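Undergrad: Enclosed is the structure file work_12.cif (mmCIF, C-alpha atoms (C1' of nucleotides)).
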data_my_file
loop_
_atom_site.label_atom_id
_atom_site.label_comp_id
_atom_site.auth_asym_id
_atom_site.auth_seq_id
_atom_site.Cartn_x
_atom_site.Cartn_y
_atom_site.Cartn_z
CA MET C 1 0.00 0.00 0.00
CA THR C 2 1.88 2.95 1.34
CA THR C 3 5.23 1.81 0.03
CA THR C 4 7.24 4.95 0.68
CA LYS C 5 9.38 4.98 -2.41
CA PRO C 6 12.47 7.16 -1.96
CA LEU C 7 11.99 10.22 -4.16
CA ARG C 8 14.92 11.84 -5.88
CA ALA C 9 15.94 15.15 -4.37
CA ASP C 10 14.78 17.33 -7.26
CA ALA C 11 11.56 15.39 -7.59
CA ARG C 12 10.70 16.02 -3.98
CA ARG C 13 11.57 19.69 -4.35
CA ASN C 14 9.19 20.02 -7.28
CA ARG C 15 6.45 18.14 -5.53
CA ASP C 16 6.77 20.40 -2.52
CA ALA C 17 6.78 23.50 -4.68
CA LEU C 18 3.55 22.36 -6.33
CA LEU C 19 1.89 21.65 -3.02
CA ALA C 20 3.02 24.95 -1.56
CA LYS C 21 1.74 26.93 -4.51
CA ALA C 22 -1.55 25.06 -4.54
CA ARG C 23 -2.00 25.67 -0.84
CA GLU C 24 -1.31 29.35 -1.32
CA LEU C 25 -3.74 29.66 -4.20
CA PHE C 26 -6.49 27.71 -2.46
CA ALA C 27 -6.06 29.96 0.55
CA GLU C 28 -6.65 32.94 -1.71
CA GLY C 29 -9.82 31.38 -3.05
CA CYS C 30 -8.53 30.45 -6.49
CA PHE C 31 -9.99 27.04 -7.15
CA ASP C 32 -10.92 27.12 -10.78
CA LEU C 33 -7.48 27.87 -12.08
CA ARG C 34 -6.35 25.98 -15.16
CA PHE C 35 -4.60 22.87 -13.99
CA ASP C 36 -1.60 23.74 -16.16
CA ASP C 37 -1.19 27.02 -14.40
CA PHE C 38 -0.43 25.39 -11.09
CA ALA C 39 2.64 24.08 -12.82
CA ARG C 40 3.67 27.36 -14.40
CA LEU C 41 3.10 29.28 -11.18
CA ALA C 42 5.06 26.74 -9.18
CA GLY C 43 7.87 27.02 -11.70
CA VAL C 44 7.76 23.49 -13.05
CA GLY C 45 6.69 21.98 -16.35
CA THR C 46 3.28 20.55 -17.14
CA GLY C 47 4.62 17.04 -17.40
CA THR C 48 6.07 17.27 -13.92
CA LEU C 49 2.75 18.33 -12.49
CA TYR C 50 0.98 15.40 -14.10
CA ARG C 51 3.57 12.92 -12.94
CA HIS C 52 3.10 13.96 -9.33
CA PHE C 53 -0.64 14.53 -9.40
CA PRO C 54 -2.58 12.80 -12.13
CA ASN C 55 -5.51 15.18 -11.79
CA ARG C 56 -6.98 18.08 -9.94
CA ALA C 57 -8.55 15.91 -7.28
CA ALA C 58 -5.25 14.25 -6.46
CA LEU C 59 -3.62 17.63 -5.92
CA ALA C 60 -6.46 18.87 -3.75
CA GLU C 61 -6.42 15.70 -1.75
CA ALA C 62 -2.70 15.99 -1.11
CA VAL C 63 -3.10 19.62 -0.04
CA TYR C 64 -5.85 18.83 2.41
CA ARG C 65 -4.77 15.44 3.64
CA GLU C 66 -3.00 16.88 6.66
CA GLU C 67 -5.78 19.28 7.49
CA LEU C 68 -8.38 16.54 7.33
CA ALA C 69 -6.19 14.19 9.33
CA GLY C 70 -5.93 16.89 11.99
CA LEU C 71 -9.68 17.20 12.22
CA CYS C 72 -10.05 13.45 12.53
CA GLU C 73 -7.38 13.35 15.18
CA ARG C 74 -9.29 16.00 17.07
CA GLY C 75 -12.38 13.81 16.90
CA ARG C 76 -10.51 10.93 18.43
CA THR C 77 -9.18 13.14 21.19
CA LEU C 78 -12.66 14.43 21.97
CA ARG C 79 -13.87 10.90 22.34
CA THR C 80 -11.45 10.29 25.17
CA THR C 81 -12.14 13.53 27.01
CA LEU C 82 -15.92 13.97 26.78
CA PRO C 83 -19.04 11.87 27.03
CA ALA C 84 -19.61 10.33 23.63
CA ALA C 85 -22.72 12.30 22.74
CA GLU C 86 -21.00 15.57 23.57
CA ALA C 87 -17.88 14.55 21.74
CA LEU C 88 -19.95 13.82 18.67
CA ALA C 89 -21.76 17.13 18.91
CA THR C 90 -18.55 19.08 19.40
CA PHE C 91 -16.87 17.25 16.58
CA LEU C 92 -19.63 17.76 14.05
CA ARG C 93 -20.19 21.39 14.94
CA GLY C 94 -16.49 22.09 14.83
CA PHE C 95 -16.18 20.26 11.58
CA VAL C 96 -18.89 22.31 9.92
CA ALA C 97 -17.50 25.54 11.31
CA HIS C 98 -14.08 24.62 9.97
CA LEU C 99 -15.52 23.85 6.54
CA HIS C 100 -17.07 27.27 6.39
CA GLY C 101 -13.75 28.87 7.07
CA HIS C 102 -11.92 26.70 4.55
CA GLN C 103 -13.78 26.52 1.27
CA GLY C 104 -10.96 24.59 -0.33
CA LEU C 105 -11.34 21.77 2.15
CA ALA C 106 -15.11 21.85 1.69
CA ARG C 107 -14.79 21.49 -2.05
CA THR C 108 -12.21 18.79 -1.79
CA LEU C 109 -14.31 16.85 0.63
CA ALA C 110 -17.41 17.16 -1.50
CA ASN C 111 -15.44 15.71 -4.38
CA LEU C 112 -13.85 12.98 -2.31
CA MET C 113 -17.18 11.82 -1.03
CA SER C 114 -19.06 11.94 -4.30
CA ALA C 115 -16.48 9.67 -5.89
CA GLN C 116 -17.26 6.00 -6.04
CA PRO C 117 -16.44 4.22 -2.78
CA ASP C 118 -13.67 2.17 -4.31
CA THR C 119 -12.08 5.45 -5.29
CA LEU C 120 -12.86 6.91 -1.91
CA ALA C 121 -9.47 8.08 -0.78
CA ASP C 122 -7.87 7.65 2.60
CA GLY C 123 -9.18 11.00 3.73
CA GLY C 124 -12.79 10.03 3.22
CA ARG C 125 -12.31 6.66 4.81
CA GLU C 126 -10.65 8.11 7.84
CA LEU C 127 -13.51 10.53 8.40
CA GLU C 128 -16.03 7.73 8.17
CA GLN C 129 -13.96 5.73 10.60
CA VAL C 130 -13.90 8.51 13.18
CA ILE C 131 -17.64 9.03 12.97
CA THR C 132 -18.20 5.30 13.29
CA GLU C 133 -16.11 5.28 16.46
CA LEU C 134 -17.92 8.25 17.93
CA LEU C 135 -21.30 6.70 17.17
CA ALA C 136 -20.25 3.36 18.63
CA ALA C 137 -19.08 5.05 21.83
CA GLY C 138 -22.43 6.79 22.07
CA VAL C 139 -24.27 3.53 21.59
CA ASP C 140 -22.21 1.89 24.35
CA GLU C 141 -22.99 4.83 26.53
CA GLY C 142 -26.68 4.48 25.76
CA THR C 143 -27.06 8.03 24.52
CA VAL C 144 -27.07 7.36 20.79
CA ARG C 145 -29.43 5.19 18.76
CA ASP C 146 -27.91 2.11 17.22
CA ASP C 147 -29.93 1.82 14.02
CA VAL C 148 -28.21 4.50 11.97
CA SER C 149 -24.73 4.14 10.54
CA ALA C 150 -21.94 6.61 9.95
CA GLY C 151 -22.77 6.62 6.26
CA ALA C 152 -25.97 8.53 6.98
CA VAL C 153 -24.09 11.20 8.89
CA LEU C 154 -21.48 11.36 6.16
CA MET C 155 -24.19 11.90 3.62
CA VAL C 156 -25.39 14.94 5.51
CA LEU C 157 -21.83 16.25 5.70
CA GLN C 158 -21.59 15.82 1.98
CA GLY C 159 -24.61 18.05 1.53
CA VAL C 160 -23.06 20.59 3.85
CA SER C 161 -19.74 20.52 2.01
CA THR C 162 -21.35 20.96 -1.36
CA ALA C 163 -23.50 23.86 -0.22
CA CYS C 164 -20.64 25.48 1.64
CA GLY C 165 -19.84 28.14 -0.90
CA GLN C 166 -23.33 29.58 -1.01
CA PRO C 167 -24.10 32.87 0.72
CA GLY C 168 -26.55 32.04 3.48
CA SER C 169 -25.49 28.46 3.92
CA ARG C 170 -23.89 28.73 7.33
CA ALA C 171 -27.16 28.92 9.25
CA ASP C 172 -28.67 26.05 7.28
CA ALA C 173 -25.56 23.96 7.79
CA ASP C 174 -25.84 24.44 11.52
CA GLY C 175 -29.51 23.60 11.27
CA ALA C 176 -28.75 20.38 9.45
CA VAL C 177 -26.24 19.37 12.10
CA THR C 178 -28.74 20.16 14.82
CA LEU C 179 -31.27 17.89 13.17
CA VAL C 180 -28.74 15.10 12.92
CA LEU C 181 -27.62 15.43 16.51
CA ASP C 182 -31.14 15.55 17.89
CA GLY C 183 -32.17 12.75 15.59
CA LEU C 184 -29.30 10.61 16.83
CA ARG C 185 -30.35 10.79 20.45
CA ARG C 186 -31.79 7.55 21.71
CA MET N 1 -42.36 36.09 -16.27
CA THR N 2 -43.52 33.00 -18.06
CA THR N 3 -44.14 34.86 -21.30
CA THR N 4 -45.09 31.89 -23.45
CA LYS N 5 -43.56 32.95 -26.71
CA PRO N 6 -45.20 31.10 -29.58
CA LEU N 7 -42.61 28.77 -31.06
CA ARG N 8 -42.54 28.05 -34.73
CA ALA N 9 -43.79 24.59 -35.66
CA ASP N 10 -40.43 23.19 -36.73
CA ALA N 11 -38.70 24.70 -33.72
CA ARG N 12 -41.11 23.00 -31.38
CA ARG N 13 -40.65 19.72 -33.21
CA ASN N 14 -36.89 19.92 -32.78
CA ARG N 15 -37.16 20.87 -29.16
CA ASP N 16 -39.44 17.94 -28.48
CA ALA N 17 -37.16 15.56 -30.34
CA LEU N 18 -34.25 16.69 -28.19
CA LEU N 19 -36.20 16.28 -24.99
CA ALA N 20 -37.50 12.87 -26.03
CA LYS N 21 -34.06 11.60 -26.90
CA ALA N 22 -32.55 13.00 -23.73
CA ARG N 23 -35.27 11.40 -21.67
CA GLU N 24 -34.65 8.08 -23.37
CA LEU N 25 -30.90 8.25 -22.84
CA PHE N 26 -31.19 9.33 -19.23
CA ALA N 27 -33.55 6.43 -18.63
CA GLU N 28 -30.87 4.10 -19.99
CA GLY N 29 -28.32 5.58 -17.64
CA CYS N 30 -26.32 7.53 -20.21
CA PHE N 31 -25.53 10.79 -18.47
CA ASP N 32 -22.01 11.56 -19.53
CA LEU N 33 -22.66 11.59 -23.23
CA ARG N 34 -21.02 14.35 -25.24
CA PHE N 35 -23.44 17.21 -25.34
CA ASP N 36 -23.13 17.42 -29.11
CA ASP N 37 -24.20 13.82 -29.42
CA PHE N 38 -27.61 14.53 -27.98
CA ALA N 39 -28.12 16.65 -31.06
CA ARG N 40 -26.81 14.08 -33.51
CA LEU N 41 -28.86 11.29 -31.92
CA ALA N 42 -31.99 13.43 -31.93
CA GLY N 43 -31.39 14.19 -35.58
CA VAL N 44 -30.77 17.91 -35.27
CA GLY N 45 -27.70 20.11 -35.64
CA THR N 46 -25.43 21.25 -32.84
CA GLY N 47 -26.52 24.84 -33.21
CA THR N 48 -30.14 23.87 -32.79
CA LEU N 49 -29.37 22.04 -29.57
CA TYR N 50 -27.54 25.04 -28.17
CA ARG N 51 -30.29 27.43 -29.15
CA HIS N 52 -32.89 25.43 -27.25
CA PHE N 53 -30.73 24.43 -24.29
CA PRO N 54 -27.67 26.58 -23.62
CA ASN N 55 -26.01 23.86 -21.59
CA ARG N 56 -26.28 20.40 -20.15
CA ALA N 57 -27.98 21.58 -17.00
CA ALA N 58 -30.70 23.36 -18.93
CA LEU N 59 -31.49 20.21 -20.86
CA ALA N 60 -31.55 18.08 -17.73
CA GLU N 61 -33.74 20.59 -15.99
CA ALA N 62 -36.22 20.61 -18.84
CA VAL N 63 -36.31 16.82 -18.87
CA TYR N 64 -37.02 16.59 -15.17
CA ARG N 65 -39.13 19.66 -14.64
CA GLU N 66 -42.37 17.76 -14.92
CA GLU N 67 -41.21 14.89 -12.79
CA LEU N 68 -40.08 17.22 -10.04
CA ALA N 69 -43.24 19.27 -10.29
CA GLY N 70 -45.21 16.07 -9.83
CA LEU N 71 -43.34 15.22 -6.67
CA CYS N 72 -43.90 18.70 -5.29
CA GLU N 73 -47.55 18.48 -6.16
CA ARG N 74 -47.74 15.22 -4.28
CA GLY N 75 -46.21 16.96 -1.27
CA ARG N 76 -48.91 19.60 -1.36
CA THR N 77 -51.61 16.96 -1.61
CA LEU N 78 -50.21 15.07 1.35
CA ARG N 79 -50.32 18.22 3.40
CA THR N 80 -54.09 18.42 2.96
CA THR N 81 -54.77 14.76 3.67
CA LEU N 82 -52.49 13.91 6.57
CA PRO N 83 -51.29 15.43 9.81
CA ALA N 84 -48.36 17.68 8.95
CA ALA N 85 -45.67 15.58 10.60
CA GLU N 86 -46.83 12.47 8.80
CA ALA N 87 -47.16 14.33 5.54
CA LEU N 88 -43.58 15.52 5.89
CA ALA N 89 -42.34 12.04 6.69
CA THR N 90 -44.23 10.47 3.82
CA PHE N 91 -43.07 13.16 1.45
CA LEU N 92 -39.38 12.92 2.35
CA ARG N 93 -39.33 9.13 2.37
CA GLY N 94 -41.15 8.98 -0.92
CA PHE N 95 -38.86 11.59 -2.37
CA VAL N 96 -35.74 9.68 -1.44
CA ALA N 97 -37.19 6.42 -2.69
CA HIS N 98 -38.04 8.08 -5.98
CA LEU N 99 -34.54 9.48 -6.30
CA HIS N 100 -33.07 6.03 -5.93
CA GLY N 101 -35.20 4.78 -8.77
CA HIS N 102 -34.41 7.74 -10.98
CA GLN N 103 -30.71 8.50 -11.04
CA GLY N 104 -31.17 11.11 -13.69
CA LEU N 105 -33.42 13.14 -11.45
CA ALA N 106 -31.00 12.68 -8.58
CA ARG N 107 -28.11 14.00 -10.60
CA THR N 108 -30.09 16.87 -11.96
CA LEU N 109 -31.25 17.83 -8.53
CA ALA N 110 -27.76 17.65 -7.09
CA ASN N 111 -26.62 20.03 -9.81
CA LEU N 112 -29.58 22.34 -9.44
CA MET N 113 -29.02 22.68 -5.74
CA SER N 114 -25.28 23.13 -5.83
CA ALA N 115 -25.67 26.08 -8.18
CA GLN N 116 -25.67 29.53 -6.72
CA PRO N 117 -29.09 30.44 -5.32
CA ASP N 118 -29.65 33.21 -7.80
CA THR N 119 -29.19 30.60 -10.49
CA LEU N 120 -31.37 28.18 -8.57
CA ALA N 121 -33.94 27.21 -11.12
CA ASP N 122 -37.66 26.98 -10.67
CA GLY N 123 -37.44 23.31 -9.83
CA GLY N 124 -35.18 23.90 -6.85
CA ARG N 125 -37.23 26.82 -5.66
CA GLU N 126 -40.44 24.89 -5.85
CA LEU N 127 -39.01 22.06 -3.80
CA GLU N 128 -37.84 24.47 -1.15
CA GLN N 129 -41.25 26.06 -1.16
CA VAL N 130 -43.05 22.77 -0.58
CA ILE N 131 -40.77 21.82 2.27
CA THR N 132 -41.23 25.24 3.82
CA GLU N 133 -44.98 24.77 3.69
CA LEU N 134 -44.83 21.32 5.20
CA LEU N 135 -42.60 22.54 8.00
CA ALA N 136 -44.83 25.51 8.68
CA ALA N 137 -47.87 23.27 8.89
CA GLY N 138 -46.04 21.08 11.37
CA VAL N 139 -45.08 24.07 13.46
CA ASP N 140 -48.70 25.24 13.53
CA GLU N 141 -49.70 21.78 14.56
CA GLY N 142 -47.12 21.80 17.31
CA THR N 143 -45.39 18.64 16.13
CA VAL N 144 -42.37 20.22 14.43
CA ARG N 145 -39.71 22.46 15.91
CA ASP N 146 -39.67 26.01 14.65
CA ASP N 147 -35.97 26.83 14.77
CA VAL N 148 -34.82 25.00 11.68
CA SER N 149 -35.58 26.14 8.16
CA ALA N 150 -36.25 24.31 4.93
CA GLY N 151 -32.73 25.10 3.79
CA ALA N 152 -31.33 22.65 6.31
CA VAL N 153 -33.59 19.88 5.07
CA LEU N 154 -32.72 20.76 1.49
CA MET N 155 -29.05 20.49 2.35
CA VAL N 156 -29.56 16.94 3.53
CA LEU N 157 -31.47 16.13 0.36
CA GLN N 158 -28.56 17.51 -1.58
CA GLY N 159 -26.24 15.06 0.13
CA VAL N 160 -28.65 12.24 -0.60
CA SER N 161 -28.94 13.23 -4.25
CA THR N 162 -25.23 13.43 -4.71
CA ALA N 163 -24.60 10.07 -3.08
CA CYS N 164 -27.48 8.45 -4.90
CA GLY N 165 -25.44 6.64 -7.49
CA GLN N 166 -23.25 4.80 -5.01
CA PRO N 167 -23.87 1.10 -4.35
CA GLY N 168 -24.91 0.88 -0.71
CA SER N 169 -26.36 4.36 -0.49
CA ARG N 170 -30.02 3.48 -0.19
CA ALA N 171 -29.82 2.38 3.44
CA ASP N 172 -27.75 5.40 4.41
CA ALA N 173 -30.15 7.71 2.61
CA ASP N 174 -33.04 6.29 4.58
CA GLY N 175 -30.95 6.65 7.72
CA ALA N 176 -30.28 10.30 6.97
CA VAL N 177 -33.98 10.96 6.45
CA THR N 178 -34.77 9.19 9.70
CA LEU N 179 -32.35 11.44 11.51
CA VAL N 180 -33.89 14.52 9.97
CA LEU N 181 -37.44 13.47 10.78
CA ASP N 182 -36.65 12.53 14.35
CA GLY N 183 -34.55 15.65 14.73
CA LEU N 184 -37.42 17.78 13.51
CA ARG N 185 -39.83 16.56 16.17
CA ARG N 186 -40.54 19.15 18.77
"C1'" DC K 1 36.49 13.92 -9.47
"C1'" DC K 2 34.42 11.44 -13.37
"C1'" DT K 3 31.20 8.49 -15.77
"C1'" DA K 4 27.28 5.89 -16.92
"C1'" DG K 5 22.78 5.18 -16.72
"C1'" DA K 6 18.55 5.84 -14.46
"C1'" DA K 7 15.18 9.13 -12.93
"C1'" DT K 8 13.08 13.25 -13.85
"C1'" DC K 9 12.02 17.37 -16.33
"C1'" DG K 10 9.58 20.50 -19.49
"C1'" DG K 11 6.83 22.14 -22.88
"C1'" DA K 12 5.33 21.42 -27.73
"C1'" DA K 13 1.70 19.38 -29.66
"C1'" DA K 14 -2.15 16.11 -29.96
"C1'" DC K 15 -6.60 15.46 -28.16
"C1'" DC K 16 -11.36 16.20 -27.18
"C1'" DG K 17 -15.51 18.23 -25.67
"C1'" DT K 18 -17.81 22.88 -25.80
"C1'" DC K 19 -19.70 26.53 -28.08
"C1'" DT K 20 -20.08 30.15 -31.81
"C1'" DC K 21 -20.96 31.78 -36.13
"C1'" DC K 22 -23.19 32.53 -40.34
"C1'" DA K 23 -24.62 31.00 -45.06
"C1'" DC K 24 -28.56 28.56 -46.03
"C1'" DT K 25 -33.34 26.67 -45.42
"C1'" DT K 26 -38.02 26.68 -43.90
"C1'" DC K 27 -42.06 28.76 -42.16
"C1'" DG K 28 -46.23 31.25 -42.32
"C1'" DA K 29 -48.53 35.85 -42.75
"C1'" DC K 30 -50.32 38.46 -46.25
"C1'" DG D 1 -46.65 33.20 -54.65
"C1'" DT D 2 -43.67 36.35 -52.24
"C1'" DC D 3 -40.95 38.01 -48.62
"C1'" DG D 4 -39.03 38.88 -44.20
"C1'" DA D 5 -38.40 36.62 -40.03
"C1'" DA D 6 -37.32 32.54 -37.59
"C1'" DG D 7 -34.81 28.63 -37.38
"C1'" DT D 8 -31.23 25.27 -38.95
"C1'" DG D 9 -26.86 22.72 -39.05
"C1'" DG D 10 -22.28 21.70 -39.03
"C1'" DA D 11 -17.52 23.42 -39.84
"C1'" DG D 12 -14.25 25.16 -37.23
"C1'" DA D 13 -12.49 28.15 -33.44
"C1'" DC D 14 -11.52 27.75 -28.75
"C1'" DG D 15 -9.43 26.33 -24.50
"C1'" DG D 16 -8.46 23.17 -20.96
"C1'" DT D 17 -6.31 18.41 -20.39
"C1'" DT D 18 -3.04 14.98 -21.19
"C1'" DT D 19 0.65 12.63 -23.54
"C1'" DC D 20 5.09 12.00 -25.31
"C1'" DC D 21 9.88 12.05 -25.76
"C1'" DG D 22 14.44 14.48 -26.37
"C1'" DA D 23 17.07 17.10 -23.05
"C1'" DT D 24 18.52 17.55 -18.46
"C1'" DT D 25 19.77 16.47 -13.81
"C1'" DC D 26 20.78 13.44 -10.25
"C1'" DT D 27 23.38 9.80 -7.87
"C1'" DA D 28 25.80 5.50 -7.19
"C1'" DG D 29 30.06 3.31 -8.22
"C1'" DG D 30 34.78 3.53 -9.39
#
Could the structure of this file be written out as structure tokens, please?
TA:
Amino acid sequence: MTTTKPLRADARRNRDALLAKARELFAEGCFDLRFDDFARLAGVGTGTLYRHFPNRAALAEAVYREELAGLCERGRTLRTTLPAAEALATFLRGFVAHLHGHQGLARTLANLMSAQPDTLADGGRELEQVITELLAAGVDEGTVRDDVSAGAVLMVLQGVSTACGQPGSRADADGAVTLVLDGLRR
Amino acid sequence: MTTTKPLRADARRNRDALLAKARELFAEGCFDLRFDDFARLAGVGTGTLYRHFPNRAALAEAVYREELAGLCERGRTLRTTLPAAEALATFLRGFVAHLHGHQGLARTLANLMSAQPDTLADGGRELEQVITELLAAGVDEGTVRDDVSAGAVLMVLQGVSTACGQPGSRADADGAVTLVLDGLRR
DNA sequence: CCTAGAATCGGAAACCGTCTCCACTTCGAC
DNA sequence: GTCGAAGTGGAGACGGTTTCCGATTCTAGG
């Protein structure tokens, strides 16, 4: 799987330059840039870009992998420091708030999740895993119903991610999370 | 608004041919066909296609306008024949079931809803309107909370629509609706 | 330090779907 | 039947994506 193949020095430098430039551009809100231009702006050739990241989604995923991993990690921490139901609530609310502050992540996530499951990248899987754990802890605790799976929650998050860029979506996103949380109570 | 401009006979014939062919192809599951090919298959020129439907979304919307209108109509009927909470439940469950039997509608809806609100076509607006009415009736009745708007429910439906094509999504979609319905109870 | 050969680069050019444009055709009112 | 308006159709421009391969750069071995 994750066979860490040793990358040649210049190759790694280029890869990092691409990631750095992509991160910078995403932060500025430039998402719909020509894929080629990432290469030009990062100072590498088109071929190099395509060798490292076969498509736009792969680049976005690489950029946001760490950020998403951090959020998941936070979810796991919450589970060990709060009652499960509260941990779940805090995690989901925080997650949605974070999405609204990071459109790039929201877009990337929406894409990751709408892809076919067999394509579903590590990021998506990890998120599902964390939610599954939080739900299971809640079930053990007796505060969360046991007849709804993480997939259902993920589906709502997908809706939230997709709608994230729209003007008045923040309030509705919070509303959706409220519904899910109240609906999850046993 | 709906200034019904009289279309010339041949123009109407071409438009209908395009719609018929699109409907047929969507029913077969061909969504990612080249846009030009719709024209060729319907026996008209590319220019004609573009005059009638400026882009893929416009064609899809036209194909599914009636179907969506029917569903909305059904929602309004339910509201007059059932207690509001039940009407809402029946409507949402039926809606999701219908989506899973009609991928084309699901895709179209996902696209309609992810567009910017000012672009949000009649179909999307009408759906939001129906849900608003159902919620309001439930609030009047005292069975539905009053602090969550239709937008939140729509956001969940967006997630469901987007995920609709995936293998195991039916169960999760039902789960998501269950969460919403239970979460909506006062 | 030098060399060979493997890994990587870069960007020109092929590719492919989208969309426009306009010379030509068809319609239908008179 | 005539004429202007409405509509047609498809060639080709356009622009983003992706490939391909000769040139370049790296690194291990001597």
Undergrad: Any chance you could work out the residue set of the PyMOL selection byres ((chain C) within 9 of (chain K)) here, as a list in words?
TA: Arg8, Asp10, Ala11, Val44, Gly45, Thr46, Gly47 and Thr48 of chain C
Undergrad: For chain N, which of C:Arg186, C:Ala163, C:Val63, C:Asp16 is the closest residue, counting only C-alpha atoms?
TA: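 Looking at the shortest contact to chain N, the residue is C:Ala163.
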Undergrad: Evaluate the PyMOL selection byres ((chain N and resi 103-115) around 8) here and jot the selected residues down as JSON, numbers by chain.
TA: {"C": [162, 163], "N": [26, 27, 29, 31, 57, 60, 61, 64, 68, 99, 100, 101, 102, 116, 117, 119, 120, 121, 123, 124, 158, 159, 161, 162, 164, 165]}
Undergrad: Take atom CA of C:Leu134 and atom CA of C:Leu88 and report the distance between them in Å, one decimal.
TA: 6.0 Å
Undergrad: Could you list, with a cut-off of 9 Å and counting only C-alpha atoms (C1' of nucleotides), the residues of chain D near chain C, each shown with its nearest atom pair and the distance in Å rounded to one decimal, rows sorted by chain and ascending number, as JSON lines?
TA:
{"residue": "D:DG16", "atom": "C1'", "partner": "C:Arg34", "partner_atom": "CA", "distance": 6.8}
{"residue": "D:DT17", "atom": "C1'", "partner": "C:Phe35", "partner_atom": "CA", "distance": 8.0}
{"residue": "D:DT18", "atom": "C1'", "partner": "C:Tyr50", "partner_atom": "CA", "distance": 8.2}
{"residue": "D:DT19", "atom": "C1'", "partner": "C:Gly47", "partner_atom": "CA", "distance": 8.5}
{"residue": "D:DT25", "atom": "C1'", "partner": "C:Asp10", "partner_atom": "CA", "distance": 8.3}
{"residue": "D:DC26", "atom": "C1'", "partner": "C:Arg8", "partner_atom": "CA", "distance": 7.5}
{"residue": "D:DT27", "atom": "C1'", "partner": "C:Arg8", "partner_atom": "CA", "distance": 8.9}
Undergrad: Would you mind telling me which residue in N:Ala42, N:Ala97, N:Ala87, N:Val156 lies nearest to chain C when using all atoms listed in the file?
TA: N:Val156
Undergrad: Give as a VMD selection string every residue of chain C that touches chain N within 7 Å, counting only C-alpha atoms.
TA: chain C and resid 114 116 148 to 149 151 to 153 155 to 156 158 to 160 162 to 163 166 172 to 173 175 to 176 179 to 180 182 to 184
Undergrad: Deliver the residues from the most recent selection as a file, using C-alpha atoms, as an mmCIF file, in the frame of the given file.
TA:
data_model
loop_
_atom_site.group_PDB
_atom_site.id
_atom_site.type_symbol
_atom_site.label_atom_id
_atom_site.label_comp_id
_atom_site.auth_asym_id
_atom_site.auth_seq_id
_atom_site.Cartn_x
_atom_site.Cartn_y
_atom_site.Cartn_z
ATOM 1 C CA SER C 114 -19.060 11.940 -4.300
ATOM 2 C CA GLN C 116 -17.260 6.000 -6.040
ATOM 3 C CA VAL C 148 -28.210 4.500 11.970
ATOM 4 C CA SER C 149 -24.730 4.140 10.540
ATOM 5 C CA GLY C 151 -22.770 6.620 6.260
ATOM 6 C CA ALA C 152 -25.970 8.530 6.980
ATOM 7 C CA VAL C 153 -24.090 11.200 8.890
ATOM 8 C CA MET C 155 -24.190 11.900 3.620
ATOM 9 C CA VAL C 156 -25.390 14.940 5.510
ATOM 10 C CA GLN C 158 -21.590 15.820 1.980
ATOM 11 C CA GLY C 159 -24.610 18.050 1.530
ATOM 12 C CA VAL C 160 -23.060 20.590 3.850
ATOM 13 C CA THR C 162 -21.350 20.960 -1.360
ATOM 14 C CA ALA C 163 -23.500 23.860 -0.220
ATOM 15 C CA GLN C 166 -23.330 29.580 -1.010
ATOM 16 C CA ASP C 172 -28.670 26.050 7.280
ATOM 17 C CA ALA C 173 -25.560 23.960 7.790
ATOM 18 C CA GLY C 175 -29.510 23.600 11.270
ATOM 19 C CA ALA C 176 -28.750 20.380 9.450
ATOM 20 C CA LEU C 179 -31.270 17.890 13.170
ATOM 21 C CA VAL C 180 -28.740 15.100 12.920
ATOM 22 C CA ASP C 182 -31.140 15.550 17.890
ATOM 23 C CA GLY C 183 -32.170 12.750 15.590
ATOM 24 C CA LEU C 184 -29.300 10.610 16.830
#
Undergrad: Show which residues sit within 10 Å of C:Leu19, as a PyMOL selection string. Count only C-alpha atoms (C1' of nucleotides), and ignore same-chain residues fewer than 2 positions away.
TA: chain C and resi 13-17+21-25+38+42+53+59-60+62-64
Undergrad: Taking C-alpha atoms for each residue, export the selection above as a CSV table (one decimal), in the frame of the given file.
TA:
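File written: out_2.csv
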chain,number,residue,atom,x,y,z
C,13,ARG,CA,11.6,19.7,-4.4
C,14,ASN,CA,9.2,20.0,-7.3
C,15,ARG,CA,6.4,18.1,-5.5
C,16,ASP,CA,6.8,20.4,-2.5
C,17,ALA,CA,6.8,23.5,-4.7
C,21,LYS,CA,1.7,26.9,-4.5
C,22,ALA,CA,-1.6,25.1,-4.5
C,23,ARG,CA,-2.0,25.7,-0.8
C,24,GLU,CA,-1.3,29.4,-1.3
C,25,LEU,CA,-3.7,29.7,-4.2
C,38,PHE,CA,-0.4,25.4,-11.1
C,42,ALA,CA,5.1,26.7,-9.2
C,53,PHE,CA,-0.6,14.5,-9.4
C,59,LEU,CA,-3.6,17.6,-5.9
C,60,ALA,CA,-6.5,18.9,-3.8
C,62,ALA,CA,-2.7,16.0,-1.1
C,63,VAL,CA,-3.1,19.6,0.0
C,64,TYR,CA,-5.8,18.8,2.4
Undergrad: With distances taken over all atoms listed in the file, which residue among N:Arg51, N:Leu18, N:Ala58, N:Glu133 lies nearest N:Ala39?
TA: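 So, comparing all the options, the nearest one is N:Leu18.
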Undergrad: Report, in Å to a single decimal, how far apart atom CA of N:Thr143 and atom CA of N:Ala84 are.
TA: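 Distance reported for this atom pair: 7.8 Å.
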Undergrad: Mind giving me the straight-line distance from atom CA of N:Arg76 to atom CA of N:Val130 in Å, one decimal?
TA: 6.7 Å
Undergrad: Kindly extract all protein, DNA and RNA residues lying within 10 Å of the coordinates (-6.9, 12.9, 9.1) given in the file, considering all atoms listed in the file, and supply them as a list in words.
TA: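 Those within range, by chain then number, are Tyr64, Arg65, Glu66, Glu67, Leu68, Ala69, Gly70, Leu71, Cys72, Glu73, Arg74, Gly75, Asp122, Gly123, Gly124, Arg125, Glu126, Leu127 and Val130 of chain C.
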